[in-house]
Every structure is written in C-alpha cells, then in structure tokens.
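Coordinates from start.cif are shown below (mmCIF, C-alpha atoms and all ligand atoms; chains and numbers go by the auth columns).
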```cif
data_entry
loop_
_atom_site.group_PDB
_atom_site.id
_atom_site.type_symbol
_atom_site.label_atom_id
_atom_site.label_comp_id
_atom_site.label_asym_id
_atom_site.label_seq_id
_atom_site.Cartn_x
_atom_site.Cartn_y
_atom_site.Cartn_z
_atom_site.B_iso_or_equiv
_atom_site.auth_seq_id
_atom_site.auth_asym_id
ATOM 1 C CA MET A 1 -61.741 -158.832 -88.712 0.00 1 A
ATOM 2 C CA ILE A 2 -59.369 -155.903 -88.295 0.00 2 A
ATOM 3 C CA ASP A 3 -60.981 -152.517 -88.928 0.00 3 A
ATOM 4 C CA LEU A 4 -58.200 -150.234 -90.160 0.00 4 A
ATOM 5 C CA ALA A 5 -60.612 -147.287 -90.210 0.00 5 A
ATOM 6 C CA LYS A 6 -60.326 -147.268 -86.389 0.00 6 A
ATOM 7 C CA ALA A 7 -56.535 -147.522 -86.415 0.00 7 A
ATOM 8 C CA ASN A 8 -54.310 -144.826 -84.915 0.00 8 A
ATOM 9 C CA GLN A 9 -52.015 -143.810 -87.766 0.00 9 A
ATOM 10 C CA ASN A 10 -49.658 -142.084 -85.344 0.00 10 A
ATOM 11 C CA LEU A 11 -49.245 -145.015 -82.975 0.00 11 A
ATOM 12 C CA TRP A 12 -45.779 -145.935 -84.283 0.00 12 A
ATOM 13 C CA ARG A 13 -44.589 -142.379 -83.626 0.00 13 A
ATOM 14 C CA GLU A 14 -46.038 -142.412 -80.085 0.00 14 A
ATOM 15 C CA ILE A 15 -44.495 -145.759 -79.183 0.00 15 A
ATOM 16 C CA THR A 16 -41.208 -145.924 -81.022 0.00 16 A
ATOM 17 C CA ASP A 17 -39.732 -142.434 -80.958 0.00 17 A
ATOM 18 C CA GLU A 18 -36.653 -143.732 -79.124 0.00 18 A
ATOM 19 C CA CYS A 19 -36.293 -146.965 -81.148 0.00 19 A
ATOM 20 C CA GLY A 20 -34.956 -147.809 -84.605 0.00 20 A
ATOM 21 C CA ASP A 21 -37.067 -146.915 -87.645 0.00 21 A
ATOM 22 C CA ILE A 22 -39.927 -149.386 -87.372 0.00 22 A
ATOM 23 C CA ARG A 23 -41.036 -148.567 -90.939 0.00 23 A
ATOM 24 C CA ASN A 24 -38.031 -150.524 -92.218 0.00 24 A
ATOM 25 C CA CYS A 25 -39.560 -153.809 -90.991 0.00 25 A
ATOM 26 C CA PHE A 26 -40.346 -155.999 -93.990 0.00 26 A
ATOM 27 C CA ASN A 27 -41.996 -158.727 -91.912 0.00 27 A
ATOM 28 C CA CYS A 28 -39.294 -161.344 -92.503 0.00 28 A
ATOM 29 C CA GLY A 29 -39.827 -163.133 -89.160 0.00 29 A
ATOM 30 C CA THR A 30 -36.128 -163.519 -88.316 0.00 30 A
ATOM 31 C CA CYS A 31 -36.799 -161.952 -84.917 0.00 31 A
ATOM 32 C CA VAL A 32 -39.377 -164.624 -84.042 0.00 32 A
ATOM 33 C CA ALA A 33 -37.196 -167.482 -85.327 0.00 33 A
ATOM 34 C CA GLY A 34 -34.516 -166.755 -82.718 0.00 34 A
ATOM 35 C CA CYS A 35 -36.734 -165.659 -79.847 0.00 35 A
ATOM 36 C CA PRO A 36 -36.839 -168.015 -76.826 0.00 36 A
ATOM 37 C CA ALA A 37 -40.137 -166.485 -75.707 0.00 37 A
ATOM 38 C CA ALA A 38 -41.737 -167.560 -78.990 0.00 38 A
ATOM 39 C CA GLU A 39 -41.959 -170.995 -77.322 0.00 39 A
ATOM 40 C CA ALA A 40 -43.932 -169.613 -74.381 0.00 40 A
ATOM 41 C CA GLU A 41 -47.646 -170.138 -73.804 0.00 41 A
ATOM 42 C CA PRO A 42 -49.046 -167.850 -75.159 0.00 42 A
ATOM 43 C CA PRO A 43 -46.083 -167.191 -77.456 0.00 43 A
ATOM 44 C CA LEU A 44 -44.392 -163.822 -77.777 0.00 44 A
ATOM 45 C CA LEU A 45 -44.456 -163.131 -81.521 0.00 45 A
ATOM 46 C CA ILE A 46 -42.422 -159.967 -81.722 0.00 46 A
ATOM 47 C CA ARG A 47 -42.926 -159.606 -85.485 0.00 47 A
ATOM 48 C CA ASN A 48 -46.708 -159.459 -84.915 0.00 48 A
ATOM 49 C CA LEU A 49 -46.280 -156.794 -82.249 0.00 49 A
ATOM 50 C CA VAL A 50 -44.164 -154.706 -84.633 0.00 50 A
ATOM 51 C CA ARG A 51 -46.915 -155.076 -87.239 0.00 51 A
ATOM 52 C CA MET A 52 -49.621 -154.042 -84.752 0.00 52 A
ATOM 53 C CA VAL A 53 -47.675 -150.889 -83.933 0.00 53 A
ATOM 54 C CA LEU A 54 -47.159 -150.088 -87.616 0.00 54 A
ATOM 55 C CA LEU A 55 -50.834 -150.613 -88.434 0.00 55 A
ATOM 56 C CA GLY A 56 -51.921 -148.532 -85.449 0.00 56 A
ATOM 57 C CA LEU A 57 -53.981 -151.305 -83.830 0.00 57 A
ATOM 58 C CA GLU A 58 -53.976 -149.750 -80.374 0.00 58 A
ATOM 59 C CA ASP A 59 -57.128 -151.498 -79.091 0.00 59 A
ATOM 60 C CA LYS A 60 -55.589 -154.874 -79.804 0.00 60 A
ATOM 61 C CA LEU A 61 -52.132 -153.917 -78.585 0.00 61 A
ATOM 62 C CA ILE A 62 -53.279 -152.535 -75.244 0.00 62 A
ATOM 63 C CA GLU A 63 -54.721 -155.949 -74.322 0.00 63 A
ATOM 64 C CA ASP A 64 -51.721 -157.973 -75.454 0.00 64 A
ATOM 65 C CA GLY A 65 -49.758 -159.319 -72.466 0.00 65 A
ATOM 66 C CA THR A 66 -47.026 -161.015 -74.486 0.00 66 A
ATOM 67 C CA PRO A 67 -44.482 -158.126 -74.411 0.00 67 A
ATOM 68 C CA TRP A 68 -44.145 -158.908 -70.702 0.00 68 A
ATOM 69 C CA ILE A 69 -42.790 -162.398 -71.267 0.00 69 A
ATOM 70 C CA CYS A 70 -39.777 -161.100 -73.202 0.00 70 A
ATOM 71 C CA VAL A 71 -36.682 -162.380 -71.385 0.00 71 A
ATOM 72 C CA THR A 72 -34.603 -159.386 -72.564 0.00 72 A
ATOM 73 C CA CYS A 73 -31.977 -161.527 -74.301 0.00 73 A
ATOM 74 C CA SER A 74 -31.580 -159.074 -77.234 0.00 74 A
ATOM 75 C CA ALA A 75 -31.303 -161.893 -79.793 0.00 75 A
ATOM 76 C CA CYS A 76 -33.921 -160.253 -82.033 0.00 76 A
ATOM 77 C CA GLU A 77 -32.010 -156.985 -81.877 0.00 77 A
ATOM 78 C CA GLU A 78 -28.856 -158.655 -83.166 0.00 78 A
ATOM 79 C CA MET A 79 -30.592 -160.706 -85.852 0.00 79 A
ATOM 80 C CA CYS A 80 -32.915 -158.114 -87.397 0.00 80 A
ATOM 81 C CA PRO A 81 -31.511 -157.395 -90.888 0.00 81 A
ATOM 82 C CA MET A 82 -33.142 -153.968 -90.999 0.00 82 A
ATOM 83 C CA ASP A 83 -31.926 -152.596 -87.678 0.00 83 A
ATOM 84 C CA VAL A 84 -35.514 -152.187 -86.491 0.00 84 A
ATOM 85 C CA ARG A 85 -34.460 -153.033 -82.926 0.00 85 A
ATOM 86 C CA PRO A 86 -37.461 -155.173 -82.028 0.00 86 A
ATOM 87 C CA PHE A 87 -36.334 -155.625 -78.407 0.00 87 A
ATOM 88 C CA ASP A 88 -36.455 -151.861 -77.897 0.00 88 A
ATOM 89 C CA ILE A 89 -39.911 -151.857 -79.438 0.00 89 A
ATOM 90 C CA CYS A 90 -41.013 -154.598 -77.046 0.00 90 A
ATOM 91 C CA LEU A 91 -39.909 -152.502 -74.059 0.00 91 A
ATOM 92 C CA ALA A 92 -41.465 -149.384 -75.593 0.00 92 A
ATOM 93 C CA ILE A 93 -44.793 -151.232 -75.871 0.00 93 A
ATOM 94 C CA ARG A 94 -44.584 -152.110 -72.153 0.00 94 A
ATOM 95 C CA ARG A 95 -43.988 -148.456 -71.276 0.00 95 A
ATOM 96 C CA TRP A 96 -46.851 -147.356 -73.518 0.00 96 A
ATOM 97 C CA GLN A 97 -49.263 -149.911 -71.994 0.00 97 A
ATOM 98 C CA SER A 98 -48.333 -148.805 -68.472 0.00 98 A
ATOM 99 C CA LYS A 99 -48.839 -145.136 -69.340 0.00 99 A
ATOM 100 C CA GLU A 100 -52.148 -145.729 -71.132 0.00 100 A
ATOM 101 C CA ASP A 101 -53.605 -147.690 -68.211 0.00 101 A
ATOM 102 C CA GLU A 102 -51.997 -147.192 -64.816 0.00 102 A
ATOM 103 C CA THR A 103 -54.066 -150.036 -63.359 0.00 103 A
ATOM 104 C CA TYR A 104 -52.812 -152.548 -65.915 0.00 104 A
ATOM 105 C CA ILE A 105 -51.175 -155.615 -64.377 0.00 105 A
ATOM 106 C CA PRO A 106 -49.922 -158.095 -66.975 0.00 106 A
ATOM 107 C CA THR A 107 -50.461 -161.789 -66.367 0.00 107 A
ATOM 108 C CA ALA A 108 -46.682 -162.253 -66.467 0.00 108 A
ATOM 109 C CA VAL A 109 -46.383 -160.279 -63.210 0.00 109 A
ATOM 110 C CA THR A 110 -48.916 -162.432 -61.354 0.00 110 A
ATOM 111 C CA GLU A 111 -47.153 -165.535 -62.670 0.00 111 A
ATOM 112 C CA ILE A 112 -43.799 -164.286 -61.382 0.00 112 A
ATOM 113 C CA PHE A 113 -45.401 -163.798 -57.968 0.00 113 A
ATOM 114 C CA LYS A 114 -46.879 -167.289 -57.986 0.00 114 A
ATOM 115 C CA ARG A 115 -43.884 -169.274 -59.226 0.00 115 A
ATOM 116 C CA GLY A 116 -40.890 -166.950 -59.670 0.00 116 A
ATOM 117 C CA HIS A 117 -41.013 -167.411 -63.455 0.00 117 A
ATOM 118 C CA THR A 118 -43.375 -166.178 -66.135 0.00 118 A
ATOM 119 C CA GLN A 119 -43.688 -169.729 -67.466 0.00 119 A
ATOM 120 C CA PRO A 120 -44.211 -173.059 -65.678 0.00 120 A
ATOM 121 C CA VAL A 121 -40.864 -174.843 -65.601 0.00 121 A
ATOM 122 C CA GLU A 122 -42.605 -178.240 -65.932 0.00 122 A
ATOM 123 C CA ARG A 123 -43.098 -177.470 -69.623 0.00 123 A
ATOM 124 C CA VAL A 124 -39.395 -177.730 -70.347 0.00 124 A
ATOM 125 C CA GLN A 125 -38.331 -180.475 -67.958 0.00 125 A
ATOM 126 C CA GLU A 126 -38.237 -183.144 -70.645 0.00 126 A
ATOM 127 C CA LEU A 127 -36.264 -180.872 -72.949 0.00 127 A
ATOM 128 C CA ARG A 128 -33.757 -180.059 -70.205 0.00 128 A
ATOM 129 C CA LYS A 129 -33.327 -183.754 -69.474 0.00 129 A
ATOM 130 C CA SER A 130 -32.780 -184.558 -73.155 0.00 130 A
ATOM 131 C CA VAL A 131 -29.785 -182.204 -73.298 0.00 131 A
ATOM 132 C CA GLY A 132 -28.269 -183.490 -70.060 0.00 132 A
ATOM 133 C CA LEU A 133 -29.458 -180.756 -67.714 0.00 133 A
ATOM 134 C CA GLU A 134 -31.159 -181.195 -64.346 0.00 134 A
ATOM 135 C CA GLU A 135 -34.925 -181.367 -64.858 0.00 135 A
ATOM 136 C CA VAL A 136 -35.471 -178.544 -62.380 0.00 136 A
ATOM 137 C CA PRO A 137 -33.302 -175.482 -63.055 0.00 137 A
ATOM 138 C CA PRO A 138 -31.224 -174.063 -60.189 0.00 138 A
ATOM 139 C CA THR A 139 -33.507 -171.058 -59.806 0.00 139 A
ATOM 140 C CA ILE A 140 -36.165 -170.034 -57.333 0.00 140 A
ATOM 141 C CA VAL A 141 -38.306 -173.058 -58.284 0.00 141 A
ATOM 142 C CA LYS A 142 -35.714 -175.335 -56.748 0.00 142 A
ATOM 143 C CA PHE A 143 -35.720 -173.428 -53.458 0.00 143 A
ATOM 144 C CA PRO A 144 -39.306 -173.012 -52.164 0.00 144 A
ATOM 145 C CA GLN A 145 -38.119 -171.107 -49.084 0.00 145 A
ATOM 146 C CA LEU A 146 -36.671 -168.427 -51.399 0.00 146 A
ATOM 147 C CA LEU A 147 -39.945 -168.205 -53.292 0.00 147 A
ATOM 148 C CA GLU A 148 -41.689 -167.517 -49.979 0.00 148 A
ATOM 149 C CA LYS A 149 -39.222 -164.746 -49.168 0.00 149 A
ATOM 150 C CA PHE A 150 -39.660 -163.325 -52.668 0.00 150 A
ATOM 151 C CA GLN A 151 -43.444 -163.304 -52.184 0.00 151 A
ATOM 152 C CA ASP A 152 -43.078 -161.690 -48.733 0.00 152 A
ATOM 153 C CA MET A 153 -41.035 -158.936 -50.372 0.00 153 A
ATOM 154 C CA LEU A 154 -43.520 -158.390 -53.193 0.00 154 A
ATOM 155 C CA GLU A 155 -46.386 -158.232 -50.710 0.00 155 A
ATOM 156 C CA GLU A 156 -44.790 -155.043 -49.352 0.00 156 A
ATOM 157 C CA THR A 157 -45.239 -153.280 -52.705 0.00 157 A
ATOM 158 C CA GLU A 158 -48.202 -150.979 -53.382 0.00 158 A
ATOM 159 C CA MET A 159 -49.051 -152.944 -56.509 0.00 159 A
ATOM 160 C CA VAL A 160 -49.627 -156.178 -54.584 0.00 160 A
ATOM 161 C CA LYS A 161 -51.254 -154.476 -51.588 0.00 161 A
ATOM 162 C CA ASP A 162 -53.778 -152.696 -53.826 0.00 162 A
ATOM 163 C CA ASN A 163 -54.532 -155.798 -55.898 0.00 163 A
ATOM 164 C CA ASP A 164 -54.116 -158.628 -53.424 0.00 164 A
ATOM 165 C CA TYR A 165 -56.975 -160.596 -55.024 0.00 165 A
ATOM 166 C CA MET A 166 -54.719 -161.062 -58.080 0.00 166 A
ATOM 167 C CA PHE A 167 -51.682 -162.276 -56.158 0.00 167 A
ATOM 168 C CA ARG A 168 -52.340 -165.681 -54.662 0.00 168 A
ATOM 169 C CA ARG A 169 -49.670 -167.995 -53.251 0.00 169 A
HETATM 170 S S1 LIG B . -35.211 -159.704 -76.503 0.00 201 A
HETATM 171 FE FE1 LIG B . -37.284 -160.459 -76.045 0.00 201 A
HETATM 172 S S2 LIG B . -38.355 -160.347 -77.999 0.00 201 A
HETATM 173 FE FE2 LIG B . -36.152 -160.250 -78.452 0.00 201 A
HETATM 174 S S3 LIG B . -35.495 -162.363 -78.836 0.00 201 A
HETATM 175 FE FE3 LIG B . -35.131 -161.969 -76.669 0.00 201 A
HETATM 176 S S4 LIG B . -37.038 -162.636 -75.639 0.00 201 A
HETATM 177 FE FE4 LIG B . -37.503 -162.435 -77.810 0.00 201 A
HETATM 178 S S1 LIG B . -36.349 -159.290 -87.999 0.00 202 A
HETATM 179 FE FE1 LIG B . -36.598 -157.061 -88.192 0.00 202 A
HETATM 180 S S2 LIG B . -37.350 -156.780 -90.279 0.00 202 A
HETATM 181 FE FE2 LIG B . -37.646 -158.946 -89.801 0.00 202 A
HETATM 182 S S3 LIG B . -39.773 -159.064 -88.972 0.00 202 A
HETATM 183 FE FE3 LIG B . -38.398 -158.793 -87.232 0.00 202 A
HETATM 184 S S4 LIG B . -38.380 -156.576 -86.880 0.00 202 A
HETATM 185 FE FE4 LIG B . -39.144 -156.903 -88.958 0.00 202 A
#
```
Same coordinates, now as structure tokens:
Amino acid sequence: MIDLAKANQNLWREITDECGDIRNCFNCGTCVAGCPAAEAEPPLLIRNLVRMVLLGLEDKLIEDGTPWICVTCSACEEMCPMDVRPFDICLAIRRWQSKEDETYIPTAVTEIFKRGHTQPVERVQELRKSVGLEEVPPTIVKFPQLLEKFQDMLEETEMVKDNDYMFRR
C-alpha cells in the first residue's frame, strides 16, 4: 500500500523544473498508448512515472529502472494533449536518480553491455518476420565482432572498471 504521509510534496518541483507543467497531466494514458518501450519487459509506463512524480513517491521512483529503457523517440511528447512533455520528464527522472545515488547503475546499462540493446531482440523476431523484415535487425546483434569491440570500449570506462562484477560478457 502506498503511504502518502511519507511522500515528498516538492518532488515534482525538484524533478521537473525544466519540463512542461506536470500538474496538467490528467492521466489519460495517451503517452503509454504510443510508446514503443511500453512493450518492453518490464514495460516503461510513462504515465505511471508522471503520477509517481506528482504524488511525491520518491522511495518508489528511485528504484524504478524503467526510465532507462526509453528509446528517446519523442512520440509521447507529440501526443500528450496537455503539453506535459513526458519525454522530458523521463530524462529528468534519470538525471534525478543519478544525482540522488551516484553509485546507481540501471539494469538497462548492464543489458546494453551484454547485448548492445536494452531488450533481447529474440522477443521481436516473430513480429519482424510477420511484417517482412529480417528476423535479426541490422544492428550490433548481427555483428558479434562489433559487440566485442563495443564491450572493449566500455571496459575502459570508470563505471565498468569500478563495477566489473556487474558487467559480464
Ligand atoms: S520518448 Fe521514451 S517514453 Fe516517450 S514514447 Fe518514446 S520511448 Fe516512450
Ligand atoms: S499523455 Fe500527457 S496528460 Fe495524458 S497521461 Fe500522458 S503525460 Fe498525462
């Protein structure tokens, strides 16, 4: 059960000072309906994130890794009827999480290291085939030697060096 007595009433001001007016959100769900990452596992439900910010549920929000699977397509931004700019809010949540906990490494980052995508491509192979596309997309998953180079590069970063137990090939 959500305990609103522990909520941070100022959270929306802290997170969204450079975004649209989040208080205009009337929870219509249009942003989720057009979001490709809403099909991910776990799904990115941007409307829920907006609600968490508005309600000040910082304990819940700090642990939520779904903002990191946003593919930055801006569809929600264009579709929101209230000009709330949910994409901006998604990025603002990422910044806030990183500032609140400098050691925070979202699962999406370890997934990118492992496979070059935040989601396993196998999940959509049937769908790609059904619309006449190659089952494997022409990205890093199709070229294992590039994935190795990508991992070599990431292994030079402080983040991976300091947390090598989280980054397994
Ligand atoms: S910008 Fe991110 S949150 Fe918005 S529709 Fe695209 S993937 Fe979803
Ligand atoms: S589309 Fe805009 S108003 Fe509707 S739920 Fe999403 S953020 Fe709120």
Inset, instruction - Could you give me, as a ChimeraX atom specification, the residues within 9 Å of Glu155 (chain A), counting all atoms listed in the file and dropping anything in the same chain fewer than 6 positions from it? - result: /A:161,164,167
Legend entry - Spatial neighbours of Lys99 (chain A), max dist 12 Å, only C-alpha atoms, sep filter under 6 positions, as a ChimeraX atom specification: /A:14-15,62,92-93,105
Each residue of chain A with at least one atom at most 9 Å from ligand LIG 201 (chain A) should appear once, together with its nearest atom pair and the corresponding distance in Å (one decimal); atoms considered: all atoms listed in the file; ordering: chain, then increasing residue number; output as a tab-separated table.
```
residue	atom	partner	partner_atom	distance
A:Cys31	CA	A:LIG201	S3	6.2
A:Val32	CA	A:LIG201	FE4	6.9
A:Ala33	CA	A:LIG201	S3	8.4
A:Gly34	CA	A:LIG201	S3	5.9
A:Cys35	CA	A:LIG201	S3	3.7
A:Pro36	CA	A:LIG201	S4	5.5
A:Ala37	CA	A:LIG201	S4	4.9
A:Ala38	CA	A:LIG201	FE4	6.8
A:Leu44	CA	A:LIG201	S2	7.0
A:Leu45	CA	A:LIG201	S2	7.6
A:Ile46	CA	A:LIG201	S2	5.5
A:Arg47	CA	A:LIG201	S2	8.8
A:Pro67	CA	A:LIG201	S2	7.4
A:Trp68	CA	A:LIG201	FE1	8.8
A:Ile69	CA	A:LIG201	S4	7.2
A:Cys70	CA	A:LIG201	FE1	3.8
A:Val71	CA	A:LIG201	S4	4.3
A:Thr72	CA	A:LIG201	S1	4.0
A:Cys73	CA	A:LIG201	FE3	4.0
A:Ser74	CA	A:LIG201	S1	3.8
A:Ala75	CA	A:LIG201	S3	4.3
A:Cys76	CA	A:LIG201	S3	4.1
A:Glu77	CA	A:LIG201	FE2	6.3
A:Glu78	CA	A:LIG201	S3	8.8
A:Met79	CA	A:LIG201	S3	8.7
A:Arg85	CA	A:LIG201	FE2	8.7
A:Pro86	CA	A:LIG201	FE2	6.3
A:Phe87	CA	A:LIG201	FE2	4.6
A:Asp88	CA	A:LIG201	S1	8.1
A:Ile89	CA	A:LIG201	S2	8.8
A:Cys90	CA	A:LIG201	S2	6.4
A:Leu91	CA	A:LIG201	FE1	8.6
```
Legend entry - Given 6 Å and all atoms listed in the file, residues near ligand LIG 202 (chain A) as a ChimeraX atom specification: /A:25-31,47,80-82,84,86
List every protein, DNA or RNA residue that has at least one atom no more than 12 Å from (-44.1, -160.7, -63.3) in the file's coordinates, counting all atoms listed in the file, and write the result as an mmCIF file with C-alpha atoms, in the frame of the given file.
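Final file, result-v8.cif:
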```cif
data_model
loop_
_atom_site.group_PDB
_atom_site.id
_atom_site.type_symbol
_atom_site.label_atom_id
_atom_site.label_comp_id
_atom_site.auth_asym_id
_atom_site.auth_seq_id
_atom_site.Cartn_x
_atom_site.Cartn_y
_atom_site.Cartn_z
ATOM 1 C CA GLY A 65 -49.758 -159.319 -72.466
ATOM 2 C CA THR A 66 -47.026 -161.015 -74.486
ATOM 3 C CA PRO A 67 -44.482 -158.126 -74.411
ATOM 4 C CA TRP A 68 -44.145 -158.908 -70.702
ATOM 5 C CA ILE A 69 -42.790 -162.398 -71.267
ATOM 6 C CA CYS A 70 -39.777 -161.100 -73.202
ATOM 7 C CA VAL A 71 -36.682 -162.380 -71.385
ATOM 8 C CA ILE A 105 -51.175 -155.615 -64.377
ATOM 9 C CA PRO A 106 -49.922 -158.095 -66.975
ATOM 10 C CA THR A 107 -50.461 -161.789 -66.367
ATOM 11 C CA ALA A 108 -46.682 -162.253 -66.467
ATOM 12 C CA VAL A 109 -46.383 -160.279 -63.210
ATOM 13 C CA THR A 110 -48.916 -162.432 -61.354
ATOM 14 C CA GLU A 111 -47.153 -165.535 -62.670
ATOM 15 C CA ILE A 112 -43.799 -164.286 -61.382
ATOM 16 C CA PHE A 113 -45.401 -163.798 -57.968
ATOM 17 C CA LYS A 114 -46.879 -167.289 -57.986
ATOM 18 C CA ARG A 115 -43.884 -169.274 -59.226
ATOM 19 C CA GLY A 116 -40.890 -166.950 -59.670
ATOM 20 C CA HIS A 117 -41.013 -167.411 -63.455
ATOM 21 C CA THR A 118 -43.375 -166.178 -66.135
ATOM 22 C CA GLN A 119 -43.688 -169.729 -67.466
ATOM 23 C CA PHE A 150 -39.660 -163.325 -52.668
ATOM 24 C CA GLN A 151 -43.444 -163.304 -52.184
ATOM 25 C CA LEU A 154 -43.520 -158.390 -53.193
ATOM 26 C CA MET A 159 -49.051 -152.944 -56.509
ATOM 27 C CA VAL A 160 -49.627 -156.178 -54.584
ATOM 28 C CA MET A 166 -54.719 -161.062 -58.080
ATOM 29 C CA PHE A 167 -51.682 -162.276 -56.158
#
```
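The gap separating CA of Gly56 (chain A) from CA of Gln9 (chain A) is 5.3 Å, in Å to one decimal.
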Legend entry - Atom-to-atom span, CA of Gln97 (chain A) and CA of Asp152 (chain A), Å: 26.8 Å
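With all atoms listed in the file as the basis for measurement, A:Arg51 is the residue among A:Arg123, A:Arg51, A:Lys142, A:Arg95 that approaches Arg23 (chain A) most closely.
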Inset, instruction - Fewer than 2 positions away in the same chain doesn't count, so skip those; otherwise give me all residues within 10 Å of Pro137 (chain A), counting only C-alpha atoms, as a ChimeraX atom specification. - result: /A:121,124-125,128,133-135,139-142
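Closest approach to Asp17 (chain A) among A:Glu41, A:Trp96, A:Leu4, A:Met52 is made by A:Trp96 (distances from all atoms listed in the file).
CA of Thr103 (chain A) is positioned 14.7 Å from CA of Asp64 (chain A).
Among A:Tyr104, A:Lys6, A:Asp83, A:Pro42, the residue with the shortest atom-to-atom distance to Glu58 (chain A), counting all atoms listed in the file, is A:Lys6.
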Legend entry - Shell of 8 Å around Leu61 (chain A), all atoms listed in the file, local chain residues under 4 positions omitted, as a ChimeraX atom specification: /A:49,52-53,57
Give me region 62-82 of chain A with N, CA and C atoms filled in, as a PDB file, in the frame of the given file.
```pdb
ATOM      1  N   ILE A  62     -53.179-152.860 -76.675  1.00  0.00           N
ATOM      2  CA  ILE A  62     -53.279-152.535 -75.244  1.00  0.00           C
ATOM      3  C   ILE A  62     -53.633-153.783 -74.423  1.00  0.00           C
ATOM      4  N   GLU A  63     -54.302-154.736 -75.049  1.00  0.00           N
ATOM      5  CA  GLU A  63     -54.721-155.949 -74.322  1.00  0.00           C
ATOM      6  C   GLU A  63     -53.720-157.094 -74.449  1.00  0.00           C
ATOM      7  N   ASP A  64     -52.662-156.886 -75.190  1.00  0.00           N
ATOM      8  CA  ASP A  64     -51.721-157.973 -75.454  1.00  0.00           C
ATOM      9  C   ASP A  64     -50.674-158.062 -74.330  1.00  0.00           C
ATOM     10  N   GLY A  65     -50.695-159.171 -73.593  1.00  0.00           N
ATOM     11  CA  GLY A  65     -49.758-159.319 -72.466  1.00  0.00           C
ATOM     12  C   GLY A  65     -48.420-159.912 -72.856  1.00  0.00           C
ATOM     13  N   THR A  66     -48.249-160.288 -74.119  1.00  0.00           N
ATOM     14  CA  THR A  66     -47.026-161.015 -74.486  1.00  0.00           C
ATOM     15  C   THR A  66     -45.729-160.182 -74.411  1.00  0.00           C
ATOM     16  N   PRO A  67     -45.764-158.843 -74.566  1.00  0.00           N
ATOM     17  CA  PRO A  67     -44.482-158.126 -74.411  1.00  0.00           C
ATOM     18  C   PRO A  67     -43.841-158.373 -73.051  1.00  0.00           C
ATOM     19  N   TRP A  68     -44.641-158.743 -72.062  1.00  0.00           N
ATOM     20  CA  TRP A  68     -44.145-158.908 -70.702  1.00  0.00           C
ATOM     21  C   TRP A  68     -43.472-160.248 -70.481  1.00  0.00           C
ATOM     22  N   ILE A  69     -43.524-161.139 -71.450  1.00  0.00           N
ATOM     23  CA  ILE A  69     -42.790-162.398 -71.267  1.00  0.00           C
ATOM     24  C   ILE A  69     -41.447-162.381 -71.995  1.00  0.00           C
ATOM     25  N   CYS A  70     -41.112-161.256 -72.597  1.00  0.00           N
ATOM     26  CA  CYS A  70     -39.777-161.100 -73.202  1.00  0.00           C
ATOM     27  C   CYS A  70     -38.726-161.301 -72.112  1.00  0.00           C
ATOM     28  N   VAL A  71     -37.713-162.110 -72.394  1.00  0.00           N
ATOM     29  CA  VAL A  71     -36.682-162.380 -71.385  1.00  0.00           C
ATOM     30  C   VAL A  71     -35.461-161.460 -71.557  1.00  0.00           C
ATOM     31  N   THR A  72     -35.615-160.433 -72.363  1.00  0.00           N
ATOM     32  CA  THR A  72     -34.603-159.386 -72.564  1.00  0.00           C
ATOM     33  C   THR A  72     -33.235-159.936 -72.991  1.00  0.00           C
ATOM     34  N   CYS A  73     -33.249-160.921 -73.868  1.00  0.00           N
ATOM     35  CA  CYS A  73     -31.977-161.527 -74.301  1.00  0.00           C
ATOM     36  C   CYS A  73     -31.316-160.741 -75.435  1.00  0.00           C
ATOM     37  N   SER A  74     -32.080-159.904 -76.125  1.00  0.00           N
ATOM     38  CA  SER A  74     -31.580-159.074 -77.234  1.00  0.00           C
ATOM     39  C   SER A  74     -31.286-159.844 -78.517  1.00  0.00           C
ATOM     40  N   ALA A  75     -31.614-161.122 -78.577  1.00  0.00           N
ATOM     41  CA  ALA A  75     -31.303-161.893 -79.793  1.00  0.00           C
ATOM     42  C   ALA A  75     -31.961-161.262 -81.024  1.00  0.00           C
ATOM     43  N   CYS A  76     -33.212-160.831 -80.872  1.00  0.00           N
ATOM     44  CA  CYS A  76     -33.921-160.253 -82.033  1.00  0.00           C
ATOM     45  C   CYS A  76     -33.223-158.981 -82.513  1.00  0.00           C
ATOM     46  N   GLU A  77     -32.697-158.241 -81.555  1.00  0.00           N
ATOM     47  CA  GLU A  77     -32.010-156.985 -81.877  1.00  0.00           C
ATOM     48  C   GLU A  77     -30.786-157.270 -82.776  1.00  0.00           C
ATOM     49  N   GLU A  78     -30.070-158.326 -82.409  1.00  0.00           N
ATOM     50  CA  GLU A  78     -28.856-158.655 -83.166  1.00  0.00           C
ATOM     51  C   GLU A  78     -29.172-159.279 -84.517  1.00  0.00           C
ATOM     52  N   MET A  79     -30.299-159.972 -84.612  1.00  0.00           N
ATOM     53  CA  MET A  79     -30.592-160.706 -85.852  1.00  0.00           C
ATOM     54  C   MET A  79     -31.377-159.899 -86.873  1.00  0.00           C
ATOM     55  N   CYS A  80     -32.064-158.861 -86.446  1.00  0.00           N
ATOM     56  CA  CYS A  80     -32.915-158.114 -87.397  1.00  0.00           C
ATOM     57  C   CYS A  80     -32.066-157.522 -88.521  1.00  0.00           C
ATOM     58  N   PRO A  81     -32.340-157.885 -89.782  1.00  0.00           N
ATOM     59  CA  PRO A  81     -31.511-157.395 -90.888  1.00  0.00           C
ATOM     60  C   PRO A  81     -31.750-155.926 -91.228  1.00  0.00           C
ATOM     61  N   MET A  82     -32.788-155.345 -90.648  1.00  0.00           N
ATOM     62  CA  MET A  82     -33.142-153.968 -90.999  1.00  0.00           C
ATOM     63  C   MET A  82     -32.909-152.989 -89.849  1.00  0.00           C
TER      64      MET A  82
END
```
